[in-house]
Amino acid sequence: MSVLRIEDLCTHYFLGEDRVQAVDKITFDIAESEIFGLAGESGCGKTTAAYSIMRILPENGAIVNGQIFLDGDDVVEKTDEEMRQLRWRKVSIVFQYAMNAFNPVLRIGNQIVEVMQEKQSIDKEEATKRVKELFDEVGLEPERIRDYPHEFSGGMRQRAIIAQALAAEPRLIIADEPVTALDVIVQNKILGLLRSLQKKYKLAVLLITHDLSVVAENSDRVGIMYAGKLVEVGSTVNVFKRSLHPYTYKLIGAFPSVKGPKRRLEFIPGTPPDLVRPPSGCRFHPRCPWAQEICNLEVPEYREYEKKHWVACHFAGEINFEVES
Amino acid sequence: MSEKKAVGTRQYIATRVAQTIVVWFGIITLNFFIFRIMPGDPRGTLIAEHMPPEVIQAIAIRFGLDQPIATQFVLYIVNLFRGDLGESFSHYGQPVIETIFAFRFWNTVILMGTSILIALIVAIIMGVIAASRRDRAIDVGSTTVFLVAYSMPVFWLGLMILYYFGFILRVIPLAGTITRGIVHVNIFHYVADYLWHMTGPLVVLTLSFIGGFYLIMRDSVLDIFTQDYILAARAKGLKERAILFGHAMRNAMLPMVSVIAVNMPFLISGATITETVFSWSGLGLLTYNSVVANDWPVLQGIFLFLATVAVLSNFVADILYLYLDPRIRY
Ligand SMILES: Nc1ncnc2c1ncn2[C@@H]1O[C@H](COP(=O)(O)OP(=O)(O)OP(=O)(O)O)[C@@H](O)[C@H]1O
Ligand SMILES: [Mg+2]
């Protein structure tokens, strides 16, 4: 059974009369011991999807449709108190702005002990011992649990945050841009750490990033989002090497690749759409070089084009990406 | 690492102590000149006509009133450190230090301390709760109540309470700190009588303080709610109480410390009206009476005292910050 299964999730923000369709009918799942990379341009709804899973949306945001199953349990149906108890026990999150995720006036160790004691029946001494072990595991000196957040460097804080995410032995970790604020060397170390812990604890990981190279190197499967829609989902190899959606193809082309074969750097003309009044039909059609009339008229169905390779494009498999029309 | 930090902190405290002393000296110097450049005979600041000639003689010699201003200043400082601020005009032959500190100081400290403490506790708790229930009944309700209390003139509130509860209902005494003419059987009887007399001024002062504290706290908590670590605490599935009082409250209290420190002298002088209305024999009432009676030596003493409180409370606030906010290390 999947650790996480999302079906037809729609999450909208309400701004006066307007409605921002930040996540619109997305469906995907993550299995045990699997890293699922979720990628897409800034503002396409990645964080919104993550916050929906944890149900920590801002006041003007709401899940308006769909289901989110954690270990087969629909979290959308849960009461606030049930949801509170579920958090960190089933699913924990490493925030996009993780640097500020610790309270500046409390010792880091105490903050992790606090959540451990809330989530497990464990006394303070034992919890402190566990935190020291976790610190050791993520590559921090155990004595430093007495430090305050500002005494840690960015990389160290990120390690502490990963230790904290493991504190209540969750099944799923959501990592929202876990390394964006760090320099490349530290990035690779942190991602390596995340991967090894994920293997060791058989964790499901939702790895959110706008950096395609991070996705390509670290995930088993990939989902590509565009303007609140999931446009393509498949194994990392399939999505990168045999892209079915024009947006995926263009997005990959827009990223310089150090290792891969040389390809001319592409650029996607136009700007991401306004999510209050998204384009009709396929949301990508105004920017798609291969768009036809139907793309403007009909929303493409999200379908399994080939085994375990899903796509939402009217012309999936029919386009020769080398030739622009 | 923490060794170095401790040294830095000690150095910082030493610097602040030195600064505080310098500022305090500035203030006592100012105090000296302000009262001496006022129009009229400079002798008038320390000598009253109705004093017996030998007392006038003694004071003139002690403070060098016939000598050049520089000598007078030196004598003023020397006498200050001896605790000699001259003699009160209106309390016959009583040294100023005694007039201020014998009991009035304590009456004010007890009244002010209790009302500030109660106001703070209520304001902090209600501020946190109101912020967490923003725009809901409890928030709108408490904000309205505290704003009304805040904007009510203190003398009017005091008179109302005195009139209804003291005069009509007779549940609180009309004046003073203890019942005159009765013999207290033991210390508890005395304390009970004292507290009973304190009820009226305590309620008035607490109500007048609470509004300001509450608004600052509520605002500060709302600001803290936008911080990432609060979202993180929610994501961690902590109990609401733990988030509010364990994570939001302490951070939100930081601005309170400086607000209270800066306002300390105003809080004390603000008690003047309340003390006068209830005839509570504290520094406020003393100020009022001294102004009415042109009691210059006492007024100088009170001025000095308030200035010292201002300097000291700012110093204490800085030290408190050191311990409340671990990011501050010098
Ligand atoms: N509280 C809110 N109210 C209204 N609109 C919002 C709110 N939060 C986000 N949005 C909008 O919802 C859309 C999706 O935002 P989201 O933060 O999920 O994007 P993202 O993919 O995480 O972007 P990034 O890579 O920049 O983090 C954006 O267009 C954003 O402007
Ligand atoms: Mg985001």
# chains A, B, ... in the order shown; residues from 1 in each chain; ligands from 1
>>> residues_around(residues="Gln120 (chain A)", least_positions_apart="6", cutoff="10 Å", atoms="only C-alpha atoms", output="list in words")
Arg89, Ala127, Ala167, Ala168 and Glu169 of chain A
>>> interface_residues(of="chain B", to="chain A", cutoff="6 Å", atoms="only C-alpha atoms", output="PyMOL selection string")
chain B and resi 228-229+232+236-237+325-326
>>> closest_atom_pairs(of="region 251-302 of chain B", to="region 95-99 of chain B", cutoff="7 Å", atoms="only C-alpha atoms", output="JSON lines")
{"residue": "B:Pro297", "atom": "CA", "partner": "B:Val96", "partner_atom": "CA", "distance": 6.7}
{"residue": "B:Val298", "atom": "CA", "partner": "B:Val96", "partner_atom": "CA", "distance": 5.6}
{"residue": "B:Gly301", "atom": "CA", "partner": "B:Val96", "partner_atom": "CA", "distance": 6.8}
>>> write_last_selection(atoms="N, CA, C and O atoms", output="tab-separated table (two decimals), in the first residue's frame")
chain	number	residue	atom	x	y	z
B	297	PRO	N	12.83	71.39	48.74
B	297	PRO	CA	13.77	70.30	49.01
B	297	PRO	C	13.17	68.92	48.72
B	297	PRO	O	13.82	68.06	48.13
B	298	VAL	N	11.91	68.73	49.10
B	298	VAL	CA	11.26	67.44	48.84
B	298	VAL	C	11.10	67.21	47.34
B	298	VAL	O	11.35	66.11	46.83
B	301	GLY	N	14.21	66.08	45.89
B	301	GLY	CA	14.44	64.68	46.26
B	301	GLY	C	13.64	63.74	45.38
B	301	GLY	O	14.15	62.73	44.89
>>> residues_near_ligand(ligand="ligand 1", cutoff="8 Å", atoms="only C-alpha atoms and all ligand atoms", output="PyMOL selection string")
chain A and resi 12-15+19-23+40-50+57-61+96+176-177+209-210+227-228+274-275
>>> closest_residue(among="A:Val76, A:Pro178, A:Arg171, A:Ile6", to="ligand 2", atoms="only C-alpha atoms and all ligand atoms")
A:Pro178
>>> select_by_dssp(residues="region 32-116 of chain B", states="helix (DSSP H, G or I)", output="ChimeraX atom specification")
/B:32-36,42-45,53-62,69-82,96-101,104-116
>>> closest_atom_pairs(of="region 143-204 of chain A", to="region 130-133 of chain A", cutoff="8 Å", atoms="only C-alpha atoms", output="CSV")
residue,atom,partner,partner_atom,distance
A:Glu143,CA,A:Lys132,CA,7.4
A:Ile145,CA,A:Lys132,CA,7.0
A:Ala163,CA,A:Val131,CA,7.7
A:Ala167,CA,A:Val131,CA,7.5
>>> write_last_selection(atoms="N, CA, C and O atoms", output="PDB file, in the first residue's frame")
ATOM      1  N   GLU A 143      26.911  17.033  21.838  1.00  0.00           N
ATOM      2  CA  GLU A 143      26.889  18.056  22.898  1.00  0.00           C
ATOM      3  C   GLU A 143      26.157  19.313  22.435  1.00  0.00           C
ATOM      4  O   GLU A 143      25.720  20.120  23.250  1.00  0.00           O
ATOM      5  N   ILE A 145      23.374  19.809  21.319  1.00  0.00           N
ATOM      6  CA  ILE A 145      21.919  19.932  21.528  1.00  0.00           C
ATOM      7  C   ILE A 145      21.595  21.091  22.463  1.00  0.00           C
ATOM      8  O   ILE A 145      20.475  21.563  22.505  1.00  0.00           O
ATOM      9  N   ALA A 163      17.205  15.907  11.664  1.00  0.00           N
ATOM     10  CA  ALA A 163      17.114  15.113  12.896  1.00  0.00           C
ATOM     11  C   ALA A 163      15.734  15.279  13.518  1.00  0.00           C
ATOM     12  O   ALA A 163      15.104  14.310  13.944  1.00  0.00           O
ATOM     13  N   ALA A 167      12.399  12.642  14.376  1.00  0.00           N
ATOM     14  CA  ALA A 167      12.233  12.444  15.821  1.00  0.00           C
ATOM     15  C   ALA A 167      11.081  11.519  16.195  1.00  0.00           C
ATOM     16  O   ALA A 167      11.199  10.734  17.118  1.00  0.00           O
TER      17      ALA A 167
END
>>> select_by_dssp(residues="region 106-232 of chain A", states="strand (DSSP E)", output="ChimeraX atom specification")
/A:172-176,204-209,221-226,229-232
>>> closest_residue(among="A:Leu38, A:Leu9, A:Val233, A:Ile162", to="ligand 2", atoms="only C-alpha atoms and all ligand atoms")
A:Leu38
>>> decode(residues="region 276-304 of chain A", atoms="N, CA, C and O atoms", output="compact mmCIF listing (two decimals), in the first residue's frame")
# COMPACT_ATOMS: atom_id res chain seq x y z
N VAL A 276 -5.71 32.92 -10.87
CA VAL A 276 -7.09 33.32 -10.58
C VAL A 276 -7.95 33.06 -11.82
O VAL A 276 -9.06 32.55 -11.73
N ARG A 277 -7.39 33.41 -12.99
CA ARG A 277 -8.09 33.14 -14.25
C ARG A 277 -7.15 32.35 -15.17
O ARG A 277 -6.57 32.91 -16.10
N PRO A 278 -6.98 31.06 -14.87
CA PRO A 278 -6.04 30.27 -15.67
C PRO A 278 -6.57 30.09 -17.09
O PRO A 278 -7.78 30.21 -17.33
N PRO A 279 -5.67 29.84 -18.05
CA PRO A 279 -6.10 29.66 -19.44
C PRO A 279 -7.09 28.50 -19.56
O PRO A 279 -7.02 27.55 -18.78
N SER A 280 -7.98 28.59 -20.54
CA SER A 280 -8.92 27.49 -20.76
C SER A 280 -8.18 26.31 -21.35
O SER A 280 -7.03 26.42 -21.77
N GLY A 281 -8.84 25.16 -21.36
CA GLY A 281 -8.22 23.97 -21.95
C GLY A 281 -6.98 23.57 -21.18
O GLY A 281 -6.98 23.54 -19.96
N CYS A 282 -5.92 23.28 -21.93
CA CYS A 282 -4.65 22.95 -21.29
C CYS A 282 -4.01 24.25 -20.81
O CYS A 282 -3.87 25.20 -21.57
N ARG A 283 -3.64 24.30 -19.53
CA ARG A 283 -3.12 25.56 -18.98
C ARG A 283 -1.81 25.99 -19.63
O ARG A 283 -1.42 27.15 -19.55
N PHE A 284 -1.14 25.05 -20.29
CA PHE A 284 0.14 25.38 -20.90
C PHE A 284 -0.01 25.89 -22.33
O PHE A 284 0.95 26.40 -22.91
N HIS A 285 -1.21 25.78 -22.90
CA HIS A 285 -1.32 26.01 -24.34
C HIS A 285 -0.84 27.38 -24.82
O HIS A 285 -0.23 27.46 -25.90
N PRO A 286 -1.02 28.47 -24.05
CA PRO A 286 -0.54 29.75 -24.60
C PRO A 286 0.98 29.77 -24.80
O PRO A 286 1.48 30.57 -25.59
N ARG A 287 1.70 28.93 -24.11
CA ARG A 287 3.15 28.95 -24.23
C ARG A 287 3.67 27.75 -25.00
O ARG A 287 4.88 27.56 -25.13
N CYS A 288 2.78 26.89 -25.49
CA CYS A 288 3.22 25.62 -26.09
C CYS A 288 3.41 25.77 -27.60
O CYS A 288 2.49 26.17 -28.32
N PRO A 289 4.59 25.48 -28.11
CA PRO A 289 4.84 25.63 -29.55
C PRO A 289 4.03 24.65 -30.41
O PRO A 289 3.87 24.87 -31.60
N TRP A 290 3.53 23.58 -29.77
CA TRP A 290 2.84 22.55 -30.56
C TRP A 290 1.33 22.59 -30.35
O TRP A 290 0.61 21.67 -30.69
N ALA A 291 0.84 23.67 -29.75
CA ALA A 291 -0.58 23.74 -29.41
C ALA A 291 -1.46 23.74 -30.66
O ALA A 291 -1.13 24.35 -31.68
N GLN A 292 -2.59 23.05 -30.56
CA GLN A 292 -3.58 23.02 -31.62
C GLN A 292 -4.87 23.63 -31.07
O GLN A 292 -4.94 23.98 -29.89
N GLU A 293 -5.90 23.67 -31.89
CA GLU A 293 -7.14 24.28 -31.46
C GLU A 293 -7.73 23.59 -30.24
O GLU A 293 -8.22 24.23 -29.31
N ILE A 294 -7.67 22.27 -30.22
CA ILE A 294 -8.29 21.50 -29.14
C ILE A 294 -7.67 21.85 -27.78
O ILE A 294 -8.34 21.81 -26.75
N CYS A 295 -6.40 22.23 -27.81
CA CYS A 295 -5.70 22.55 -26.55
C CYS A 295 -6.33 23.75 -25.86
O CYS A 295 -6.28 23.89 -24.65
N ASN A 296 -6.90 24.63 -26.62
CA ASN A 296 -7.55 25.83 -26.11
C ASN A 296 -8.95 25.49 -25.60
O ASN A 296 -9.47 26.15 -24.72
N LEU A 297 -9.54 24.43 -26.16
CA LEU A 297 -10.95 24.14 -25.88
C LEU A 297 -11.15 23.11 -24.79
O LEU A 297 -12.04 23.24 -23.97
N GLU A 298 -10.33 22.08 -24.79
CA GLU A 298 -10.58 20.98 -23.86
C GLU A 298 -9.44 20.77 -22.89
O GLU A 298 -8.27 20.80 -23.28
N VAL A 299 -9.81 20.52 -21.63
CA VAL A 299 -8.79 20.19 -20.64
C VAL A 299 -8.31 18.77 -20.93
O VAL A 299 -9.12 17.85 -20.98
N PRO A 300 -7.01 18.59 -21.16
CA PRO A 300 -6.53 17.25 -21.48
C PRO A 300 -6.70 16.31 -20.28
O PRO A 300 -6.52 16.72 -19.13
N GLU A 301 -7.05 15.08 -20.56
CA GLU A 301 -7.25 14.11 -19.50
C GLU A 301 -5.89 13.67 -18.97
O GLU A 301 -4.93 13.52 -19.73
N TYR A 302 -5.82 13.48 -17.65
CA TYR A 302 -4.58 12.98 -17.03
C TYR A 302 -4.66 11.46 -17.11
O TYR A 302 -5.49 10.83 -16.47
N ARG A 303 -3.83 10.85 -17.97
CA ARG A 303 -4.01 9.41 -18.24
C ARG A 303 -2.70 8.67 -18.21
O ARG A 303 -1.62 9.26 -18.35
N GLU A 304 -2.81 7.35 -18.06
CA GLU A 304 -1.62 6.51 -18.04
C GLU A 304 -1.28 6.17 -19.48
O GLU A 304 -1.83 5.25 -20.06
